[in-house]
file work.txt (compact mmCIF, C-alpha atoms)
# COMPACT_ATOMS: atom_id res chain seq x y z
CA MET X 1 0.00 0.00 0.00
CA ASP X 2 1.30 3.44 -0.93
CA LEU X 3 2.21 5.11 2.35
CA ASP X 4 2.22 8.57 0.75
CA ALA X 5 -1.42 8.00 -0.21
CA VAL X 6 -2.21 6.78 3.31
CA ARG X 7 -0.46 9.82 4.79
CA THR X 8 -2.45 12.11 2.47
CA PHE X 9 -5.70 10.40 3.45
CA VAL X 10 -4.99 10.89 7.17
CA ALA X 11 -4.13 14.55 6.63
CA ALA X 12 -7.36 15.06 4.66
CA ALA X 13 -9.36 13.38 7.41
CA ASP X 14 -7.80 15.70 9.99
CA LEU X 15 -7.92 18.96 7.99
CA GLY X 16 -11.09 18.46 5.97
CA GLN X 17 -9.88 20.55 3.00
CA PHE X 18 -7.73 19.21 0.15
CA GLN X 19 -6.28 22.71 -0.27
CA GLU X 20 -5.05 22.70 3.32
CA VAL X 21 -3.68 19.18 2.87
CA ALA X 22 -1.72 20.37 -0.18
CA ALA X 23 -0.20 23.19 1.86
CA GLU X 24 0.57 20.85 4.78
CA LEU X 25 2.33 18.27 2.60
CA THR X 26 3.84 20.83 0.19
CA ILE X 27 2.27 19.21 -2.88
CA SER X 28 -0.35 20.43 -5.33
CA GLN X 29 -4.07 20.09 -4.69
CA GLN X 30 -4.24 17.96 -7.84
CA ALA X 31 -1.67 15.58 -6.33
CA VAL X 32 -3.79 15.31 -3.18
CA SER X 33 -6.82 14.35 -5.25
CA LYS X 34 -4.81 11.81 -7.27
CA ARG X 35 -3.39 10.15 -4.15
CA VAL X 36 -6.79 9.85 -2.51
CA ALA X 37 -8.34 8.53 -5.73
CA ALA X 38 -5.56 5.93 -6.11
CA LEU X 39 -6.09 4.78 -2.52
CA GLU X 40 -9.83 4.49 -3.10
CA ARG X 41 -9.18 2.35 -6.18
CA ARG X 42 -6.76 0.19 -4.20
CA LEU X 43 -9.36 -0.37 -1.46
CA GLY X 44 -12.36 -0.51 -3.75
CA VAL X 45 -14.41 1.97 -1.67
CA ARG X 46 -15.10 5.70 -1.45
CA LEU X 47 -13.28 7.30 1.46
CA PHE X 48 -14.60 10.88 1.16
CA THR X 49 -17.69 12.70 -0.02
CA ARG X 50 -17.42 16.29 -1.22
CA THR X 51 -19.66 18.81 0.60
CA PRO X 52 -19.81 22.61 0.70
CA ARG X 53 -17.77 22.40 3.89
CA GLY X 54 -15.02 20.30 2.27
CA ALA X 55 -14.19 16.60 2.29
CA GLU X 56 -16.01 14.42 4.81
CA LEU X 57 -15.28 10.80 5.60
CA THR X 58 -17.66 8.15 4.38
CA ILE X 59 -18.54 5.22 6.65
CA ASP X 60 -15.75 3.24 4.96
CA GLY X 61 -13.38 6.16 5.45
CA GLN X 62 -14.23 6.26 9.15
CA ALA X 63 -13.58 2.52 9.41
CA PHE X 64 -10.23 2.80 7.60
CA LEU X 65 -8.92 5.85 9.49
CA PRO X 66 -7.65 4.16 12.72
CA HIS X 67 -5.91 1.49 10.64
CA ALA X 68 -4.34 4.14 8.44
CA ARG X 69 -2.96 5.91 11.51
CA GLU X 70 -1.54 2.61 12.74
CA LEU X 71 0.06 1.94 9.35
CA LEU X 72 1.91 5.25 9.57
CA LYS X 73 3.05 4.48 13.13
CA VAL X 74 4.34 1.06 12.07
CA ALA X 75 6.18 2.63 9.13
CA GLU X 76 7.86 5.12 11.44
CA ARG X 77 8.87 2.40 13.87
CA ALA X 78 10.29 0.37 10.98
CA ALA X 79 12.34 3.35 9.77
CA THR X 80 13.53 4.11 13.29
CA SER X 81 14.69 0.52 13.75
CA VAL X 82 17.35 1.00 11.08
CA ARG X 83 18.07 4.72 11.35
CA GLN X 84 21.57 5.33 12.65
CA GLY X 85 21.58 6.99 16.04
CA ARG X 86 17.96 6.06 16.78
CA ARG X 87 17.73 2.32 16.30
CA PRO X 88 18.86 -0.09 19.04
CA LEU X 89 22.47 -1.21 19.25
CA ARG X 90 22.48 -4.80 17.98
CA VAL X 91 25.04 -7.06 19.68
CA ASP X 92 25.74 -10.79 19.25
CA VAL X 93 26.65 -12.52 22.54
CA ILE X 94 26.80 -16.17 21.30
CA ALA X 95 24.81 -17.52 24.30
CA SER X 96 22.78 -15.99 27.11
CA ARG X 97 24.62 -17.68 30.01
CA LEU X 98 28.16 -16.83 28.97
CA ALA X 99 30.37 -14.07 30.35
CA THR X 100 29.68 -11.88 27.32
CA SER X 101 26.03 -11.60 28.36
CA GLY X 102 27.27 -10.37 31.73
CA LEU X 103 29.36 -7.72 29.98
CA MET X 104 26.25 -6.50 28.15
CA ARG X 105 24.20 -6.44 31.37
CA ASP X 106 26.90 -4.27 32.96
CA PHE X 107 26.88 -2.01 29.91
CA HIS X 108 23.10 -1.64 30.04
CA ARG X 109 23.27 -0.65 33.70
CA ALA X 110 25.93 1.95 32.87
CA TYR X 111 24.08 3.26 29.78
CA PRO X 112 20.36 2.63 30.39
CA ARG X 113 19.31 5.13 27.72
CA ILE X 114 20.95 3.15 24.91
CA ASP X 115 18.43 0.68 23.51
CA LEU X 116 19.83 -2.80 22.97
CA ASP X 117 18.93 -5.75 20.78
CA VAL X 118 20.88 -8.77 22.03
CA MET X 119 21.03 -11.74 19.67
CA LYS X 120 22.84 -15.05 19.36
CA LEU X 121 24.54 -16.07 16.12
CA PHE X 122 26.26 -19.41 15.67
CA THR X 123 29.73 -19.01 14.17
CA VAL X 124 32.32 -16.31 13.72
CA THR X 125 31.68 -16.51 9.96
CA ALA X 126 27.99 -15.74 10.50
CA ALA X 127 28.92 -12.91 12.85
CA VAL X 128 31.36 -11.34 10.38
CA ASP X 129 28.79 -11.57 7.58
CA ALA X 130 26.21 -9.86 9.81
CA LEU X 131 28.68 -7.11 10.75
CA ARG X 132 29.51 -6.45 7.10
CA SER X 133 25.84 -6.35 6.06
CA GLY X 134 24.86 -4.07 8.96
CA ALA X 135 22.55 -6.69 10.49
CA ILE X 136 24.46 -6.33 13.78
CA ASP X 137 26.77 -3.67 15.20
CA ALA X 138 29.10 -5.79 17.34
CA SER X 139 29.88 -9.39 18.21
CA PHE X 140 31.77 -11.12 21.01
CA ARG X 141 33.98 -13.85 19.57
CA ALA X 142 37.30 -15.64 19.93
CA VAL X 143 38.22 -13.50 16.90
CA ALA X 144 39.50 -15.96 14.33
CA MET X 145 40.30 -19.52 13.46
CA PRO X 146 43.45 -21.12 12.04
CA GLY X 147 43.85 -20.04 8.42
CA ARG X 148 40.83 -17.70 8.53
CA PRO X 149 41.96 -14.14 9.31
CA LEU X 150 39.38 -11.41 9.79
CA PRO X 151 38.55 -9.24 6.77
CA ASP X 152 40.30 -5.89 6.60
CA ASP X 153 37.07 -3.97 7.26
CA ILE X 154 36.41 -5.77 10.56
CA SER X 155 38.11 -4.48 13.71
CA ALA X 156 38.66 -6.53 16.86
CA VAL X 157 39.89 -5.85 20.36
CA ARG X 158 40.40 -8.33 23.19
CA VAL X 159 38.03 -7.44 26.04
CA LEU X 160 37.90 -10.42 28.40
CA ASP X 161 40.08 -13.42 29.18
CA GLU X 162 37.81 -15.89 30.98
CA PRO X 163 39.51 -18.70 32.97
CA LEU X 164 38.16 -22.21 32.55
CA HIS X 165 36.88 -24.27 35.45
CA LEU X 166 36.45 -28.01 35.67
CA LEU X 167 32.93 -29.04 36.64
CA THR X 168 32.50 -32.49 38.22
CA GLY X 169 29.93 -34.48 40.09
CA PRO X 170 30.44 -35.32 43.80
CA ALA X 171 31.79 -38.82 43.09
CA HIS X 172 34.38 -37.79 40.49
CA ALA X 173 38.01 -38.65 41.31
CA LEU X 174 38.93 -34.93 41.31
CA ALA X 175 35.83 -33.66 43.13
CA THR X 176 37.68 -32.85 46.36
CA ALA X 177 40.55 -30.98 44.71
CA ARG X 178 40.85 -27.26 45.42
CA ALA X 179 42.53 -26.78 42.03
CA VAL X 180 43.78 -28.99 39.22
CA THR X 181 46.43 -28.63 36.55
CA PRO X 182 45.91 -29.52 32.88
CA ALA X 183 48.42 -32.35 33.37
CA GLN X 184 46.18 -33.88 36.07
CA LEU X 185 43.27 -33.94 33.62
CA ALA X 186 45.05 -36.29 31.20
CA GLY X 187 43.22 -39.61 31.20
CA HIS X 188 39.93 -38.16 32.47
CA ARG X 189 36.92 -37.88 30.17
CA ILE X 190 35.85 -34.29 29.52
CA TRP X 191 32.37 -34.28 27.96
CA MET X 192 31.31 -31.22 25.95
CA PRO X 193 28.39 -32.08 23.63
CA GLY X 194 28.00 -28.43 22.60
CA ILE X 195 31.25 -28.42 20.57
CA GLU X 196 30.53 -28.08 16.85
CA PRO X 197 33.19 -28.78 14.19
CA GLY X 198 34.15 -25.69 12.22
CA THR X 199 33.37 -23.21 15.00
CA GLU X 200 35.87 -21.00 16.76
CA TRP X 201 35.16 -22.66 20.10
CA GLY X 202 35.61 -26.06 18.45
CA ALA X 203 39.05 -24.93 17.24
CA TYR X 204 39.86 -23.65 20.74
CA TYR X 205 39.07 -26.96 22.46
CA ASP X 206 40.81 -28.98 19.73
CA ASP X 207 44.03 -27.07 20.45
CA LEU X 208 43.54 -27.33 24.22
CA ALA X 209 43.17 -31.11 23.94
CA ALA X 210 46.20 -31.41 21.66
CA ASP X 211 48.51 -29.25 23.79
CA PHE X 212 47.75 -31.06 27.07
CA ALA X 213 46.89 -34.58 25.81
CA LEU X 214 43.31 -34.28 27.05
CA THR X 215 40.33 -36.40 26.10
CA ILE X 216 37.50 -34.04 25.15
CA GLU X 217 34.41 -35.83 23.88
CA ALA X 218 31.64 -34.13 21.91
CA THR X 219 29.64 -37.31 21.32
CA GLY X 220 25.90 -37.56 21.83
CA PRO X 221 23.10 -35.03 21.29
CA ASN X 222 23.30 -31.61 22.89
CA PHE X 223 20.15 -31.27 25.01
CA GLY X 224 21.33 -28.06 26.65
CA SER X 225 23.04 -27.11 29.89
CA ASP X 226 20.43 -28.66 32.22
CA ALA X 227 20.87 -32.11 30.66
CA LEU X 228 24.67 -31.65 30.74
CA LEU X 229 24.59 -30.84 34.46
CA ASP X 230 22.32 -33.81 35.21
CA THR X 231 24.66 -36.21 33.39
CA VAL X 232 27.85 -34.87 34.98
CA ALA X 233 26.26 -35.01 38.44
CA ASP X 234 25.22 -38.65 37.99
CA THR X 235 28.30 -39.98 36.15
CA PRO X 236 31.52 -40.23 38.21
CA ALA X 237 33.67 -40.78 35.12
CA LEU X 238 32.61 -37.54 33.39
CA ALA X 239 33.56 -33.89 33.87
CA THR X 240 33.15 -30.81 31.70
CA PHE X 241 34.68 -27.37 31.20
CA ILE X 242 32.79 -24.16 31.93
CA GLY X 243 33.86 -20.53 31.99
CA ALA X 244 34.55 -18.99 35.38
CA GLN X 245 31.84 -16.38 34.72
CA THR X 246 29.31 -18.69 33.09
CA ARG X 247 26.01 -18.45 34.99
CA LEU X 248 24.69 -21.90 35.91
CA VAL X 249 22.21 -22.97 38.57
CA TRP X 250 21.66 -26.59 39.57
CA PRO X 251 19.60 -28.43 42.23
CA ASP X 252 21.16 -28.79 45.67
CA GLY X 253 21.14 -32.57 45.33
CA HIS X 254 23.50 -32.52 42.37
CA GLY X 255 26.52 -31.67 44.53
CA LEU X 256 28.45 -30.34 41.55
CA ARG X 257 31.96 -28.92 42.07
CA ARG X 258 33.56 -25.96 40.25
CA ILE X 259 37.32 -26.47 40.34
CA PRO X 260 39.82 -23.84 39.08
CA ILE X 261 42.44 -24.99 36.58
CA VAL X 262 45.97 -23.70 37.21
CA ASP X 263 49.61 -23.99 36.04
CA PRO X 264 48.69 -22.88 33.41
CA THR X 265 45.12 -21.60 33.48
CA PRO X 266 43.38 -22.06 30.13
CA VAL X 267 41.58 -18.80 29.34
CA TYR X 268 38.91 -18.30 26.72
CA PRO X 269 39.66 -15.05 24.88
CA HIS X 270 36.53 -12.96 24.23
CA SER X 271 37.03 -10.13 21.73
CA LEU X 272 34.67 -7.44 20.50
CA LEU X 273 34.28 -7.30 16.72
CA TRP X 274 32.76 -4.43 14.72
CA HIS X 275 32.79 -2.95 11.22
CA ARG X 276 35.27 -0.10 10.83
CA ASP X 277 32.67 2.18 9.18
CA ASN X 278 29.86 1.58 11.67
CA PRO X 279 28.80 5.04 12.99
CA HIS X 280 26.29 3.95 15.66
CA PRO X 281 26.94 6.14 18.73
CA GLY X 282 26.10 3.24 21.03
CA LEU X 283 29.02 1.27 19.58
CA ALA X 284 31.47 3.99 20.64
CA ALA X 285 29.97 3.90 24.14
CA LEU X 286 30.30 0.10 24.28
CA ARG X 287 33.94 0.20 23.19
CA ALA X 288 34.71 2.85 25.80
CA HIS X 289 32.91 0.83 28.47
CA LEU X 290 35.05 -2.26 27.73
CA ASP X 291 38.35 -0.36 27.91
CA PRO X 292 40.52 -1.35 29.73
CA PRO X 293 40.01 -5.06 29.05
CA VAL X 294 39.89 -7.76 31.72
CA THR X 295 43.04 -9.80 31.09
CA VAL X 296 44.24 -13.00 32.75
CA ILE X 297 47.64 -14.58 32.18
CA GLY X 298 47.11 -18.11 30.96
CA TRP X 299 47.04 -20.50 28.02
CA THR X 300 45.36 -19.65 24.70
CA PRO X 301 45.82 -21.22 21.24
CA GLY X 302 48.60 -19.73 19.14
CA TRP X 303 46.13 -18.42 16.54
CA VAL X 304 44.22 -16.21 19.00
CA VAL X 305 44.76 -12.48 18.35
call {"tool": "encode", "arguments": {"input": "work.txt", "output": "structure tokens"}}
result
Amino acid sequence: MDLDAVRTFVAAADLGQFQEVAAELTISQQAVSKRVAALERRLGVRLFTRTPRGAELTIDGQAFLPHARELLKVAERAATSVRQGRRPLRVDVIASRLATSGLMRDFHRAYPRIDLDVMKLFTVTAAVDALRSGAIDASFRAVAMPGRPLPDDISAVRVLDEPLHLLTGPAHALATARAVTPAQLAGHRIWMPGIEPGTEWGAYYDDLAADFALTIEATGPNFGSDALLDTVADTPALATFIGAQTRLVWPDGHGLRRIPIVDPTPVYPHSLLWHRDNPHPGLAALRAHLDPPVTVIGWTPGWVV
């Protein structure tokens, strides 16, 4: 439906005179008449009757008017959603329970007037494509993968090094340890069904396993974190890795243990990615909020920037 015709119809309904509508919209009176006539043909009804007092709404015109006003409101909201400086800042956080979601919650508390759209894309490739198309403004990622450098128009800065913890059930052989080293984990089964081949986190855990001779299994369906916690709690031979700032809640009866990993501490490197030409003012505020970064000395793959 022609929104200019709808806008002209609403103005005519409010002003009652096509001449006044022409002056209001800075078009000719003939153009007003043509727009209204085209809308009437589109709808198949008469919207106005001409009287000595001007243009008056017909019954069909009265019925259409509230919907016409709503159409114009929806059009304005749609335009605002993509208008730089007015639309929300769109940020990819990978998953809602990870540390990056916590960073965005802190940012929202610090800048409550900046509207946010938080979304979850799957891979760094999907995130880069969305940054380049303008679908998102920023993404938290492990930056790159072996042999896949970032495009020249994508900027990245390291903002958070998150230590890994070992998560075990109460009957696991390491459950009573106050800390463990990567060397102590050799021979134990680490179960991580959320690892997907070809992702940046898949590359991270492949290198972690190779460097420390670990057994990291991604077998079986991924039913989500609740199912993972249930299985680890009930299976003495299994453990899993979680980030130190990952938010997880489990029943008291599970007796799960979070155990720091030391000497060295594997850290997952979260970086902020954005397009170099993105002018959204909220992006500048986010970058300033994340500076200085939270850094931890520990192990990362050699390809991490």
call {"tool": "residues_around", "arguments": {"input": "work.txt", "residues": "Ile59 of chain X", "least_positions_apart": "5", "cutoff": "10 Å", "atoms": "only C-alpha atoms", "output": "list in words"}}
result
Val45, Arg46, Leu47, Phe48 and Phe64 of chain X
call {"tool": "closest_atom_pairs", "arguments": {"input": "work.txt", "of": "segment 184-235 of chain X", "to": "segment 264-287 of chain X", "cutoff": "10 Å", "atoms": "all atoms listed in the file", "output": "Markdown table"}}
result
| residue | atom | partner | partner_atom | distance |
| --- | --- | --- | --- | --- |
| X:Trp201 | CA | X:Tyr268 | CA | 8.8 |
| X:Tyr204 | CA | X:Tyr268 | CA | 8.1 |
| X:Tyr205 | CA | X:Tyr268 | CA | 9.7 |
| X:Leu208 | CA | X:Pro266 | CA | 7.9 |
call {"tool": "residues_around", "arguments": {"input": "work.txt", "residues": "Thr181 of chain X", "least_positions_apart": "2", "cutoff": "10 Å", "atoms": "all atoms listed in the file", "output": "count of residues only"}}
result
13
call {"tool": "residues_near_point", "arguments": {"input": "work.txt", "point": "(40.1, -33.4, 22.8)", "cutoff": "12 Å", "atoms": "only C-alpha atoms", "output": "VMD selection string"}}
result
chain X and resid 185 to 193 195 197 202 to 219 240 to 241
call {"tool": "closest_residue", "arguments": {"input": "work.txt", "among": "X:His165, X:Asp230, X:Arg97, X:Pro221", "to": "Leu248 of chain X", "atoms": "all atoms listed in the file"}}
result
X:Arg97
call {"tool": "closest_residue", "arguments": {"input": "work.txt", "among": "X:Ala99, X:Val21, X:Ile259, X:Val6", "to": "Asp161 of chain X", "atoms": "only C-alpha atoms"}}
result
X:Ala99
call {"tool": "build_atoms", "arguments": {"input": "work.txt", "residues": "segment 179-192 of chain X", "atoms": "N, CA, C and O atoms", "output": "compact mmCIF listing (two decimals), keeping the file's coordinate frame"}}
result
# COMPACT_ATOMS: atom_id res chain seq x y z
N ALA X 179 42.13 -27.23 43.36
CA ALA X 179 42.53 -26.78 42.03
C ALA X 179 43.15 -27.97 41.33
O ALA X 179 43.62 -28.92 41.97
N VAL X 180 43.16 -27.92 40.00
CA VAL X 180 43.78 -28.99 39.22
C VAL X 180 44.63 -28.35 38.13
O VAL X 180 44.38 -27.21 37.72
N THR X 181 45.61 -29.09 37.67
CA THR X 181 46.43 -28.63 36.55
C THR X 181 45.97 -29.35 35.28
O THR X 181 45.36 -30.43 35.36
N PRO X 182 46.25 -28.79 34.10
CA PRO X 182 45.91 -29.52 32.88
C PRO X 182 46.54 -30.91 32.83
O PRO X 182 45.94 -31.85 32.31
N ALA X 183 47.77 -31.04 33.38
CA ALA X 183 48.42 -32.35 33.37
C ALA X 183 47.62 -33.38 34.17
O ALA X 183 47.56 -34.56 33.80
N GLN X 184 46.97 -32.95 35.27
CA GLN X 184 46.18 -33.88 36.07
C GLN X 184 44.90 -34.33 35.36
O GLN X 184 44.30 -35.33 35.75
N LEU X 185 44.50 -33.59 34.33
CA LEU X 185 43.27 -33.94 33.62
C LEU X 185 43.49 -34.99 32.56
O LEU X 185 42.52 -35.56 32.04
N ALA X 186 44.75 -35.26 32.20
CA ALA X 186 45.05 -36.29 31.20
C ALA X 186 44.51 -37.63 31.69
O ALA X 186 44.72 -38.03 32.83
N GLY X 187 43.80 -38.32 30.83
CA GLY X 187 43.22 -39.61 31.20
C GLY X 187 41.79 -39.52 31.69
O GLY X 187 41.11 -40.54 31.78
N HIS X 188 41.32 -38.34 32.05
CA HIS X 188 39.93 -38.16 32.47
C HIS X 188 39.08 -37.77 31.26
O HIS X 188 39.55 -37.08 30.34
N ARG X 189 37.83 -38.18 31.28
CA ARG X 189 36.92 -37.88 30.17
C ARG X 189 36.25 -36.52 30.40
O ARG X 189 35.56 -36.33 31.41
N ILE X 190 36.50 -35.60 29.49
CA ILE X 190 35.85 -34.29 29.52
C ILE X 190 34.75 -34.31 28.46
O ILE X 190 35.04 -34.47 27.26
N TRP X 191 33.51 -34.16 28.89
CA TRP X 191 32.37 -34.28 27.96
C TRP X 191 31.81 -32.90 27.66
O TRP X 191 31.39 -32.18 28.56
N MET X 192 31.81 -32.53 26.37
CA MET X 192 31.31 -31.22 25.95
C MET X 192 30.47 -31.39 24.68
O MET X 192 30.95 -31.16 23.55
